[in-house]
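Data first, discussion second: the structure below is written as structure tokens.
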Amino acid sequence: MSPRLSIHSNGSTATGDLIVGADGTRSTIRAQVLPEAAFEDLGSALYGVTPFSTLDWVPDVLVDTFNRITDPAGTSMAIATCRPGDYFTWTITPADGAIEDWHPAVRRIVAEASTTFPIQLHSALPVQLWHDPHVTLLGDAIHTMTPGRGDGANTALRDARLLTTVLAEVAAGRVPLGPAKKLYEQEMLRYGFEAVAASRSMPFTPRSGALS
């Protein structure tokens, strides 16, 4: 198996037996090895970060949770408490959703944000195993998902751990690269697209509680 050449964005090059595409939702490596791969465009959301020094003004149901508030018009907001750091992260879907009539604490979280920006929501469609012996994929480059469950980064880390494990077996001479790569891809596609489906159809775990 001859090594391949990888050209980096900074103009440098490297040679190796395996290229790992970990270049995100718009992966150029995926476009070459899986040109048929596609994803659903699910619109946009507004993402924000709001620091806090005290939580006296925040209802308990919004503290140390990761949940969604939805109004009858279809606007949704997810709020998570981040410790350490003492800040909320939140998203409003759609990005132009109206919250003028929402609970004052929710409106305050948005009003006191230190950072806000729009994000596009994508959900990858399942793909079949590919046959290039020198290229594999990891994280959002293959199974990008909506942020509702917060599983995207965790799934990418699971990919990295599994790929490291199988490549360690290759380096030790116990398994050829081809079978090790295939084992990684079969397992990664299985759990990766299970996570995509769960994020798409069940973005939040139900939790009882009300703002008062």
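By order of appearance in the structure tokens: chains A, B, ..., then residues from 1 within every chain, and ligands from 1 in the order shown.
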
For this session: Write down as a ChimeraX atom specification the residues of stretch 36-182 of chain A whose backbone DSSP state falls under helix (DSSP H, G or I).
Result: /A:60-62,104-111,140-143,152-171,177-182

For this session: Write out as an MDAnalysis selection string which residues come within 10 Å of A:Ile99 when counting only C-alpha atoms, dropping same-chain ones fewer than 2 positions away.
Result: chainID A and resid 71 75:77 92 96:97 101:104 106:107 110

For this session: Enumerate, as a ChimeraX atom specification, the complete set of residues in stretch 76-169 of chain A that a backbone-based DSSP assignment places in strand (DSSP E).
Result: /A:76-82,87-93,115-124,135-137

For this session: Might you pull out every residue within 7 Å of A:His134, with only C-alpha atoms counted and same-chain residues fewer than 6 positions away left off, and present them as a ChimeraX atom specification?
Result: /A:17-19

Problem set entry | Selection: 8 Å around A:Leu121, only C-alpha atoms, excl. self and same-chain fewer than 2 positions, as a PyMOL selection string | chain A and resi 41-45+119+123+145-147

For this session: Check the smallest atom-to-atom distance from each of A:Thr81, A:Gln186, A:Gln120, A:Thr144 to A:Arg30 using only C-alpha atoms, then report the winner.
Result: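 Of the candidates, the smallest distance to A:Arg30 is held by A:Thr144.
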
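Checking A:Pro51, A:Pro94, A:Gly152, A:Gly173 one by one against A:Gly192, counting only C-alpha atoms, you find the shortest gap at A:Gly152.
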
For this session: For A:Ala160, please output as an MDAnalysis selection string all residues within 10 Å (counting only C-alpha atoms; exclusion window: fewer than 6 positions along the same chain).
Result: chainID A and resid 22 137:139 154 184 188

For this session: Would you mind listing what lies within 8 Å of A:Thr25 as a list in words, with only C-alpha atoms counted and same-chain residues fewer than 6 positions away left out?
Result: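 The filter keeps Asp140, Ala141, Ile142 and Thr144 of chain A.
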
Exercise. Which value, in Å to one decimal, gives the distance between atom CA of A:Gly24 and atom CA of A:Val166?
Worked result: 22.0 Å

Problem set entry | Residue nearest A:Thr164 - candidates A:Ala98, A:Ala14, A:Val20, A:Val58, atoms counted: only C-alpha atoms | A:Val20
